[in-house]
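Novice: Below are the structure tokens for one structure; questions will follow.
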Amino acid sequence: MKMLSLGMGNMVACDRIVCIVSPDTAPVKRLVQDAKDAGRAIDVTGGKKTLSVVLTDSDHVILSKIRPQKLREAINTNDDSEIEDSADI
């Protein structure tokens with residue numbers, strides 16, 4: 001099972017990811033707020049700015065400090081190394 005690093009030592013199974021989006025649009029902001037209200041939001045930013053929102057097939061919403069492009073690149077490579085967190089701040 002391939003795992004995707006979301007930063008701060010947190011990972012998610014790639015086969016559980018439905019999509020990765022930017023948190024800047026109003027619909028995504030509503031989605032995140034609804035998930036927080038329902039207890040389905042998982043914040044792995046470590047207090048940093050949220051740069052991507054990962055939606056899973058279990059309806060969980062994961063907030064990450066890594067940009068969506070970096071997460072996509074990590075999924076598309078066969079390299080299992082950790083994403084460099086400091087480059088995404």
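Ordering of the structure tokens sets the chain letters (A, B, ...); residue numbers start at 1 within each chain; ligands are numbered from 1 in the order shown.
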From the DSSP assignment of the backbone, select every residue of chain A that is alpha helix (DSSP H), and format the answer as a PyMOL selection string.

Specialist: chain A and resi 26-38+68-76

Novice: With only C-alpha atoms as the counted atoms, please give the residues lying no more than 7 Å from segment 63-74 of chain A, apart from itself and same-chain residues fewer than 2 positions off, as a list in words.

Specialist: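 With the cut-off at 7 Å, the set is Leu6, Gly7, Ile20, Val21, Ser22, Ile42, Asp43, Val44, Thr45, Lys48, Lys49, Thr50, Leu51, Ser52, Val53, Val54, Val61, Asn76, Thr77, Asp85 and Asp88 of chain A.
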
Novice: Any idea what the distance is between atom CA of Ala38 of chain A and atom CA of Ile75 of chain A?

Specialist: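 Answer for the atom CA of Ala38 of chain A to atom CA of Ile75 of chain A separation: 28.3 Å.
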
Novice: Given the choices A:Gly47, A:Leu4, A:Ile17, A:Ile62, which gets closest to Gln33 of chain A if the distance is worked out from only C-alpha atoms?

Specialist: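 Ranked by minimum distance to Gln33 of chain A, first place goes to A:Ile62.
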
Novice: DSSP says strand (DSSP E or B) for which residues of chain A? Put them as a PyMOL selection string?

Specialist: chain A and resi 3-7+10-13+17-21+41-43+52-56+61-64

Novice: Would you please work out which residue, of A:Asp15, A:Gly9, A:His60, A:Met1, is nearest to Asp37 of chain A when using only C-alpha atoms?

Specialist: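 Distance minimum relative to Asp37 of chain A lands on A:His60.
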
Novice: So what do you get for atom CA of Asp24 of chain A versus atom CA of Arg40 of chain A, distance-wise?

Specialist: 19.2 Å

Novice: Please measure the separation of atom CA of Pro23 of chain A and atom CA of Lys36 of chain A, giving the value in Å to one decimal.

Specialist: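 These atoms are spaced 13.9 Å apart.
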